[in-house]
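As stored in model23.txt (compact mmCIF, N, CA and C atoms):
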# COMPACT_ATOMS: atom_id res chain seq x y z
N MET K 1 127.64 124.31 124.56
CA MET K 1 126.77 123.19 124.21
C MET K 1 127.15 122.69 122.82
N SER K 2 127.23 121.41 122.69
CA SER K 2 127.61 120.79 121.42
C SER K 2 126.43 120.81 120.44
N THR K 3 126.76 120.89 119.17
CA THR K 3 125.73 120.79 118.14
C THR K 3 125.83 119.42 117.48
N HIS K 4 124.79 119.04 116.81
CA HIS K 4 124.73 117.75 116.14
C HIS K 4 124.50 117.95 114.64
N GLU K 5 125.08 117.06 113.86
CA GLU K 5 124.77 116.98 112.44
C GLU K 5 123.64 115.97 112.30
N TYR K 6 122.60 116.36 111.58
CA TYR K 6 121.42 115.51 111.38
C TYR K 6 121.45 114.95 109.97
N GLN K 7 121.23 113.65 109.86
CA GLN K 7 121.08 113.04 108.53
C GLN K 7 120.10 111.88 108.63
N THR K 8 119.50 111.53 107.51
CA THR K 8 118.64 110.35 107.46
C THR K 8 119.29 109.30 106.58
N LEU K 9 119.00 108.06 106.89
CA LEU K 9 119.49 106.92 106.14
C LEU K 9 118.30 106.07 105.72
N ASP K 10 118.34 105.54 104.52
CA ASP K 10 117.32 104.60 104.06
C ASP K 10 117.98 103.22 103.99
N VAL K 11 117.45 102.30 104.80
CA VAL K 11 118.03 100.97 104.94
C VAL K 11 117.11 99.96 104.27
N PRO K 12 117.61 99.19 103.29
CA PRO K 12 116.76 98.18 102.66
C PRO K 12 116.44 97.05 103.65
N VAL K 13 115.15 96.74 103.74
CA VAL K 13 114.67 95.65 104.58
C VAL K 13 113.61 94.88 103.79
N THR K 14 113.23 93.73 104.29
CA THR K 14 112.18 92.96 103.65
C THR K 14 110.91 93.81 103.55
N GLY K 15 110.41 94.00 102.35
CA GLY K 15 109.19 94.76 102.13
C GLY K 15 109.40 96.19 101.70
N GLY K 16 110.64 96.69 101.72
CA GLY K 16 110.87 98.07 101.30
C GLY K 16 112.08 98.71 101.95
N THR K 17 111.91 99.96 102.35
CA THR K 17 113.02 100.74 102.91
C THR K 17 112.63 101.29 104.27
N LEU K 18 113.51 101.12 105.23
CA LEU K 18 113.32 101.65 106.57
C LEU K 18 114.12 102.94 106.70
N ARG K 19 113.49 104.00 107.14
CA ARG K 19 114.15 105.30 107.33
C ARG K 19 114.66 105.37 108.77
N ALA K 20 115.87 105.85 108.92
CA ALA K 20 116.44 106.09 110.26
C ALA K 20 117.12 107.45 110.25
N ALA K 21 117.09 108.10 111.38
CA ALA K 21 117.79 109.37 111.55
C ALA K 21 119.00 109.16 112.43
N VAL K 22 120.05 109.91 112.14
CA VAL K 22 121.26 109.88 112.97
C VAL K 22 121.63 111.32 113.28
N TRP K 23 121.74 111.63 114.57
CA TRP K 23 122.26 112.91 115.02
C TRP K 23 123.67 112.64 115.53
N GLN K 24 124.65 113.17 114.81
CA GLN K 24 126.06 112.93 115.12
C GLN K 24 126.64 114.19 115.78
N PRO K 25 127.24 114.06 116.98
CA PRO K 25 127.82 115.24 117.62
C PRO K 25 129.13 115.63 116.97
N GLU K 26 129.57 116.84 117.27
CA GLU K 26 130.90 117.26 116.84
C GLU K 26 131.92 116.43 117.61
N GLY K 27 132.97 115.99 116.93
CA GLY K 27 134.00 115.20 117.59
C GLY K 27 133.55 113.78 117.88
N LYS K 28 134.34 113.10 118.69
CA LYS K 28 134.05 111.70 119.04
C LYS K 28 132.88 111.65 120.01
N PRO K 29 131.86 110.80 119.70
CA PRO K 29 130.70 110.72 120.59
C PRO K 29 131.05 110.05 121.92
N ALA K 30 130.39 110.50 122.97
CA ALA K 30 130.55 109.90 124.29
C ALA K 30 129.94 108.50 124.32
N GLY K 31 129.00 108.26 123.44
CA GLY K 31 128.30 106.98 123.35
C GLY K 31 127.20 107.10 122.31
N THR K 32 126.44 106.04 122.19
CA THR K 32 125.34 106.01 121.22
C THR K 32 124.06 105.60 121.92
N VAL K 33 122.97 106.30 121.60
CA VAL K 33 121.65 105.99 122.11
C VAL K 33 120.79 105.55 120.93
N LEU K 34 120.11 104.42 121.06
CA LEU K 34 119.13 103.97 120.08
C LEU K 34 117.76 104.32 120.64
N ALA K 35 117.07 105.24 119.99
CA ALA K 35 115.78 105.75 120.49
C ALA K 35 114.65 105.21 119.62
N ILE K 36 113.71 104.51 120.23
CA ILE K 36 112.58 103.91 119.52
C ILE K 36 111.31 104.65 119.93
N HIS K 37 110.61 105.22 118.95
CA HIS K 37 109.41 106.00 119.25
C HIS K 37 108.20 105.12 119.50
N GLY K 38 107.14 105.75 120.00
CA GLY K 38 105.88 105.06 120.25
C GLY K 38 105.09 104.83 118.96
N ILE K 39 103.99 104.18 119.06
CA ILE K 39 103.21 103.71 117.91
C ILE K 39 102.68 104.86 117.04
N THR K 40 102.43 106.02 117.59
CA THR K 40 101.85 107.11 116.79
C THR K 40 102.86 108.19 116.41
N ALA K 41 104.14 107.97 116.66
CA ALA K 41 105.15 109.00 116.43
C ALA K 41 106.07 108.66 115.26
N ASN K 42 107.15 109.43 115.12
CA ASN K 42 108.22 109.13 114.17
C ASN K 42 109.55 109.56 114.80
N HIS K 43 110.65 109.47 114.05
CA HIS K 43 111.96 109.74 114.65
C HIS K 43 112.11 111.17 115.17
N LEU K 44 111.33 112.10 114.66
CA LEU K 44 111.44 113.49 115.11
C LEU K 44 110.97 113.68 116.56
N ALA K 45 110.30 112.67 117.12
CA ALA K 45 109.89 112.73 118.52
C ALA K 45 111.09 112.82 119.45
N TRP K 46 112.28 112.51 118.96
CA TRP K 46 113.48 112.48 119.80
C TRP K 46 114.33 113.73 119.70
N SER K 47 113.87 114.78 119.06
CA SER K 47 114.65 116.02 118.95
C SER K 47 115.02 116.57 120.32
N TRP K 48 114.11 116.48 121.26
CA TRP K 48 114.39 116.97 122.63
C TRP K 48 115.52 116.18 123.27
N LEU K 49 115.58 114.88 123.01
CA LEU K 49 116.62 114.04 123.59
C LEU K 49 117.99 114.42 123.05
N VAL K 50 118.05 114.71 121.77
CA VAL K 50 119.31 115.13 121.15
C VAL K 50 119.83 116.40 121.83
N ARG K 51 118.94 117.35 122.07
CA ARG K 51 119.35 118.59 122.74
C ARG K 51 119.80 118.33 124.18
N ALA K 52 119.20 117.34 124.82
CA ALA K 52 119.53 117.02 126.22
C ALA K 52 120.82 116.22 126.36
N LEU K 53 121.33 115.65 125.25
CA LEU K 53 122.52 114.81 125.31
C LEU K 53 123.63 115.33 124.40
N PRO K 54 124.15 116.51 124.69
CA PRO K 54 125.25 117.00 123.86
C PRO K 54 126.42 116.03 123.95
N GLY K 55 127.05 115.79 122.83
CA GLY K 55 128.19 114.88 122.81
C GLY K 55 127.84 113.42 122.56
N TRP K 56 126.57 113.09 122.52
CA TRP K 56 126.13 111.72 122.27
C TRP K 56 125.55 111.58 120.86
N ARG K 57 125.79 110.44 120.22
CA ARG K 57 125.16 110.09 118.94
C ARG K 57 123.79 109.50 119.27
N VAL K 58 122.77 109.96 118.54
CA VAL K 58 121.42 109.42 118.71
C VAL K 58 120.97 108.86 117.37
N ILE K 59 120.55 107.60 117.39
CA ILE K 59 120.02 106.92 116.21
C ILE K 59 118.56 106.59 116.48
N ALA K 60 117.68 107.01 115.57
CA ALA K 60 116.24 106.80 115.78
C ALA K 60 115.58 106.36 114.48
N PRO K 61 115.20 105.09 114.38
CA PRO K 61 114.50 104.64 113.17
C PRO K 61 113.02 105.03 113.22
N ASP K 62 112.44 105.19 112.04
CA ASP K 62 110.99 105.29 111.92
C ASP K 62 110.47 103.85 111.84
N LEU K 63 109.59 103.49 112.74
CA LEU K 63 109.04 102.14 112.72
C LEU K 63 108.21 101.91 111.46
N ARG K 64 108.02 100.66 111.09
CA ARG K 64 107.22 100.30 109.93
C ARG K 64 105.85 100.97 109.99
N GLY K 65 105.48 101.61 108.89
CA GLY K 65 104.18 102.27 108.81
C GLY K 65 104.17 103.68 109.38
N ARG K 66 105.33 104.19 109.81
CA ARG K 66 105.40 105.53 110.41
C ARG K 66 106.47 106.36 109.72
N GLY K 67 106.31 107.69 109.71
CA GLY K 67 107.31 108.61 109.20
C GLY K 67 107.82 108.22 107.82
N GLY K 68 109.12 108.22 107.65
CA GLY K 68 109.74 107.87 106.37
C GLY K 68 109.67 106.39 106.03
N SER K 69 109.19 105.58 106.97
CA SER K 69 109.01 104.14 106.74
C SER K 69 107.54 103.81 106.52
N ASN K 70 106.74 104.83 106.13
CA ASN K 70 105.28 104.65 106.07
C ASN K 70 104.80 103.69 104.97
N GLN K 71 105.65 103.37 104.02
CA GLN K 71 105.25 102.43 102.97
C GLN K 71 105.51 100.99 103.33
N LEU K 72 106.20 100.75 104.46
CA LEU K 72 106.49 99.39 104.89
C LEU K 72 105.29 98.78 105.59
N PRO K 73 104.96 97.55 105.24
CA PRO K 73 103.87 96.87 105.96
C PRO K 73 104.31 96.52 107.38
N GLY K 74 103.34 96.39 108.26
CA GLY K 74 103.62 96.03 109.66
C GLY K 74 104.16 94.64 109.81
Show me the file's structure as structure tokens.
Amino acid sequence: MSTHEYQTLDVPVTGGTLRAAVWQPEGKPAGTVLAIHGITANHLAWSWLVRALPGWRVIAPDLRGRGGSNQLPG
């Protein structure tokens, strides 16, 4: 089973900074999944998906007002 490197990125947007997580697999990714969480969650809600998709890159932003993007207005 492949492992992933986890990192967060802070992206400047209107009103502040948007936090996004990237799980990068070892070697060349088979593809990329953009995972968007529900209204009461944050990017960590997708940890199970990362485990289920060895070899795939998973990118998951924290929506405005949630997780690491909690200072951004809606």
Just want the 12 Å neighbourhood of Gly16 (chain K), counted on only C-alpha atoms, with same-chain residues fewer than 6 positions away dropped. Output as a ChimeraX atom specification.
/K:10,64-65,68-74
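Backbone DSSP over chain K gives strand (DSSP E or B) for His4, Glu5, Tyr6, Gln7, Thr8, Leu9, Asp10, Val11, Pro12, Val13, Gly16, Thr17, Leu18, Arg19, Ala20, Ala21, Val22, Trp23, Gln24, Pro25, Thr32, Val33, Leu34, Arg57, Val58, Ile59, Ala60 and Pro61 of chain K.
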Dump of N, CA and C atoms for the selected residues, as a PDB file, keeping the file's coordinate frame:
ATOM      1  N   HIS K   4     124.790 119.040 116.810  1.00  0.00           N
ATOM      2  CA  HIS K   4     124.730 117.750 116.140  1.00  0.00           C
ATOM      3  C   HIS K   4     124.500 117.950 114.640  1.00  0.00           C
ATOM      4  N   GLU K   5     125.080 117.060 113.860  1.00  0.00           N
ATOM      5  CA  GLU K   5     124.770 116.980 112.440  1.00  0.00           C
ATOM      6  C   GLU K   5     123.640 115.970 112.300  1.00  0.00           C
ATOM      7  N   TYR K   6     122.600 116.360 111.580  1.00  0.00           N
ATOM      8  CA  TYR K   6     121.420 115.510 111.380  1.00  0.00           C
ATOM      9  C   TYR K   6     121.450 114.950 109.970  1.00  0.00           C
ATOM     10  N   GLN K   7     121.230 113.650 109.860  1.00  0.00           N
ATOM     11  CA  GLN K   7     121.080 113.040 108.530  1.00  0.00           C
ATOM     12  C   GLN K   7     120.100 111.880 108.630  1.00  0.00           C
ATOM     13  N   THR K   8     119.500 111.530 107.510  1.00  0.00           N
ATOM     14  CA  THR K   8     118.640 110.350 107.460  1.00  0.00           C
ATOM     15  C   THR K   8     119.290 109.300 106.580  1.00  0.00           C
ATOM     16  N   LEU K   9     119.000 108.060 106.890  1.00  0.00           N
ATOM     17  CA  LEU K   9     119.490 106.920 106.140  1.00  0.00           C
ATOM     18  C   LEU K   9     118.300 106.070 105.720  1.00  0.00           C
ATOM     19  N   ASP K  10     118.340 105.540 104.520  1.00  0.00           N
ATOM     20  CA  ASP K  10     117.320 104.600 104.060  1.00  0.00           C
ATOM     21  C   ASP K  10     117.980 103.220 103.990  1.00  0.00           C
ATOM     22  N   VAL K  11     117.450 102.300 104.800  1.00  0.00           N
ATOM     23  CA  VAL K  11     118.030 100.970 104.940  1.00  0.00           C
ATOM     24  C   VAL K  11     117.110  99.960 104.270  1.00  0.00           C
ATOM     25  N   PRO K  12     117.610  99.190 103.290  1.00  0.00           N
ATOM     26  CA  PRO K  12     116.760  98.180 102.660  1.00  0.00           C
ATOM     27  C   PRO K  12     116.440  97.050 103.650  1.00  0.00           C
ATOM     28  N   VAL K  13     115.150  96.740 103.740  1.00  0.00           N
ATOM     29  CA  VAL K  13     114.670  95.650 104.580  1.00  0.00           C
ATOM     30  C   VAL K  13     113.610  94.880 103.790  1.00  0.00           C
ATOM     31  N   GLY K  16     110.640  96.690 101.720  1.00  0.00           N
ATOM     32  CA  GLY K  16     110.870  98.070 101.300  1.00  0.00           C
ATOM     33  C   GLY K  16     112.080  98.710 101.950  1.00  0.00           C
ATOM     34  N   THR K  17     111.910  99.960 102.350  1.00  0.00           N
ATOM     35  CA  THR K  17     113.020 100.740 102.910  1.00  0.00           C
ATOM     36  C   THR K  17     112.630 101.290 104.270  1.00  0.00           C
ATOM     37  N   LEU K  18     113.510 101.120 105.230  1.00  0.00           N
ATOM     38  CA  LEU K  18     113.320 101.650 106.570  1.00  0.00           C
ATOM     39  C   LEU K  18     114.120 102.940 106.700  1.00  0.00           C
ATOM     40  N   ARG K  19     113.490 104.000 107.140  1.00  0.00           N
ATOM     41  CA  ARG K  19     114.150 105.300 107.330  1.00  0.00           C
ATOM     42  C   ARG K  19     114.660 105.370 108.770  1.00  0.00           C
ATOM     43  N   ALA K  20     115.870 105.850 108.920  1.00  0.00           N
ATOM     44  CA  ALA K  20     116.440 106.090 110.260  1.00  0.00           C
ATOM     45  C   ALA K  20     117.120 107.450 110.250  1.00  0.00           C
ATOM     46  N   ALA K  21     117.090 108.100 111.380  1.00  0.00           N
ATOM     47  CA  ALA K  21     117.790 109.370 111.550  1.00  0.00           C
ATOM     48  C   ALA K  21     119.000 109.160 112.430  1.00  0.00           C
ATOM     49  N   VAL K  22     120.050 109.910 112.140  1.00  0.00           N
ATOM     50  CA  VAL K  22     121.260 109.880 112.970  1.00  0.00           C
ATOM     51  C   VAL K  22     121.630 111.320 113.280  1.00  0.00           C
ATOM     52  N   TRP K  23     121.740 111.630 114.570  1.00  0.00           N
ATOM     53  CA  TRP K  23     122.260 112.910 115.020  1.00  0.00           C
ATOM     54  C   TRP K  23     123.670 112.640 115.530  1.00  0.00           C
ATOM     55  N   GLN K  24     124.650 113.170 114.810  1.00  0.00           N
ATOM     56  CA  GLN K  24     126.060 112.930 115.120  1.00  0.00           C
ATOM     57  C   GLN K  24     126.640 114.190 115.780  1.00  0.00           C
ATOM     58  N   PRO K  25     127.240 114.060 116.980  1.00  0.00           N
ATOM     59  CA  PRO K  25     127.820 115.240 117.620  1.00  0.00           C
ATOM     60  C   PRO K  25     129.130 115.630 116.970  1.00  0.00           C
ATOM     61  N   THR K  32     126.440 106.040 122.190  1.00  0.00           N
ATOM     62  CA  THR K  32     125.340 106.010 121.220  1.00  0.00           C
ATOM     63  C   THR K  32     124.060 105.600 121.920  1.00  0.00           C
ATOM     64  N   VAL K  33     122.970 106.300 121.600  1.00  0.00           N
ATOM     65  CA  VAL K  33     121.650 105.990 122.110  1.00  0.00           C
ATOM     66  C   VAL K  33     120.790 105.550 120.930  1.00  0.00           C
ATOM     67  N   LEU K  34     120.110 104.420 121.060  1.00  0.00           N
ATOM     68  CA  LEU K  34     119.130 103.970 120.080  1.00  0.00           C
ATOM     69  C   LEU K  34     117.760 104.320 120.640  1.00  0.00           C
ATOM     70  N   ARG K  57     125.790 110.440 120.220  1.00  0.00           N
ATOM     71  CA  ARG K  57     125.160 110.090 118.940  1.00  0.00           C
ATOM     72  C   ARG K  57     123.790 109.500 119.270  1.00  0.00           C
ATOM     73  N   VAL K  58     122.770 109.960 118.540  1.00  0.00           N
ATOM     74  CA  VAL K  58     121.420 109.420 118.710  1.00  0.00           C
ATOM     75  C   VAL K  58     120.970 108.860 117.370  1.00  0.00           C
ATOM     76  N   ILE K  59     120.550 107.600 117.390  1.00  0.00           N
ATOM     77  CA  ILE K  59     120.020 106.920 116.210  1.00  0.00           C
ATOM     78  C   ILE K  59     118.560 106.590 116.480  1.00  0.00           C
ATOM     79  N   ALA K  60     117.680 107.010 115.570  1.00  0.00           N
ATOM     80  CA  ALA K  60     116.240 106.800 115.780  1.00  0.00           C
ATOM     81  C   ALA K  60     115.580 106.360 114.480  1.00  0.00           C
ATOM     82  N   PRO K  61     115.200 105.090 114.380  1.00  0.00           N
ATOM     83  CA  PRO K  61     114.500 104.640 113.170  1.00  0.00           C
ATOM     84  C   PRO K  61     113.020 105.030 113.220  1.00  0.00           C
TER      85      PRO K  61
END
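Nearest to Leu9 (chain K) of all the residues K:Asn42, K:Asp62, K:Ala21, K:Pro54 is K:Ala21, based on all atoms listed in the file.
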Which neighbours of region 24-30 of chain K fall inside 7 Å, counting only N, CA and C atoms, when residues of the same chain fewer than 4 positions from it are skipped, and could you give them as an mmCIF file with N, CA and C atoms, in the frame of the given file?
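Everything below was put into selection-v9.cif:
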data_model
loop_
_atom_site.group_PDB
_atom_site.id
_atom_site.type_symbol
_atom_site.label_atom_id
_atom_site.label_comp_id
_atom_site.auth_asym_id
_atom_site.auth_seq_id
_atom_site.Cartn_x
_atom_site.Cartn_y
_atom_site.Cartn_z
ATOM 1 N N SER K 2 127.230 121.410 122.690
ATOM 2 C CA SER K 2 127.610 120.790 121.420
ATOM 3 C C SER K 2 126.430 120.810 120.440
ATOM 4 N N THR K 3 126.760 120.890 119.170
ATOM 5 C CA THR K 3 125.730 120.790 118.140
ATOM 6 C C THR K 3 125.830 119.420 117.480
ATOM 7 N N HIS K 4 124.790 119.040 116.810
ATOM 8 C CA HIS K 4 124.730 117.750 116.140
ATOM 9 C C HIS K 4 124.500 117.950 114.640
ATOM 10 N N GLU K 5 125.080 117.060 113.860
ATOM 11 C CA GLU K 5 124.770 116.980 112.440
ATOM 12 C C GLU K 5 123.640 115.970 112.300
ATOM 13 N N TYR K 6 122.600 116.360 111.580
ATOM 14 C CA TYR K 6 121.420 115.510 111.380
ATOM 15 C C TYR K 6 121.450 114.950 109.970
ATOM 16 N N GLN K 7 121.230 113.650 109.860
ATOM 17 C CA GLN K 7 121.080 113.040 108.530
ATOM 18 C C GLN K 7 120.100 111.880 108.630
ATOM 19 N N PRO K 54 124.150 116.510 124.690
ATOM 20 C CA PRO K 54 125.250 117.000 123.860
ATOM 21 C C PRO K 54 126.420 116.030 123.950
ATOM 22 N N GLY K 55 127.050 115.790 122.830
ATOM 23 C CA GLY K 55 128.190 114.880 122.810
ATOM 24 C C GLY K 55 127.840 113.420 122.560
ATOM 25 N N TRP K 56 126.570 113.090 122.520
ATOM 26 C CA TRP K 56 126.130 111.720 122.270
ATOM 27 C C TRP K 56 125.550 111.580 120.860
ATOM 28 N N ARG K 57 125.790 110.440 120.220
ATOM 29 C CA ARG K 57 125.160 110.090 118.940
ATOM 30 C C ARG K 57 123.790 109.500 119.270
ATOM 31 N N VAL K 58 122.770 109.960 118.540
ATOM 32 C CA VAL K 58 121.420 109.420 118.710
ATOM 33 C C VAL K 58 120.970 108.860 117.370
#
With 6.5 Å as the threshold, what does the neighbourhood of (115.5, 100.3, 112.5) contain in terms of residues, counting all atoms listed in the file? Coordinates are those of the file; answer as a PyMOL selection string.
chain K and resi 18-20+60-62
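For the pair CA of Leu44 (chain K) and CA of Pro12 (chain K), the separation is 20.4 Å.
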Just the alpha helix (DSSP H) stuff from chain K, please, per backbone DSSP, written as a ChimeraX atom specification.
/K:47-52
Restricting the calculation to all atoms listed in the file: of K:Leu63, K:Thr14, K:Arg51, K:Thr8, which residue gets closest to Ile39 (chain K)?
K:Leu63
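Computed from the coordinates, the atom N of Trp46 (chain K) to atom N of Gly31 (chain K) distance equals 17.8 Å.
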What separation in Å, quoted to one decimal, exists between CA of Ala41 (chain K) and CA of Val11 (chain K)?
19.0 Å
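Nearest residue to Leu34 (chain K) among K:Trp48, K:Leu53, K:Ile59, K:Gly15 is K:Ile59, counting only N, CA and C atoms.
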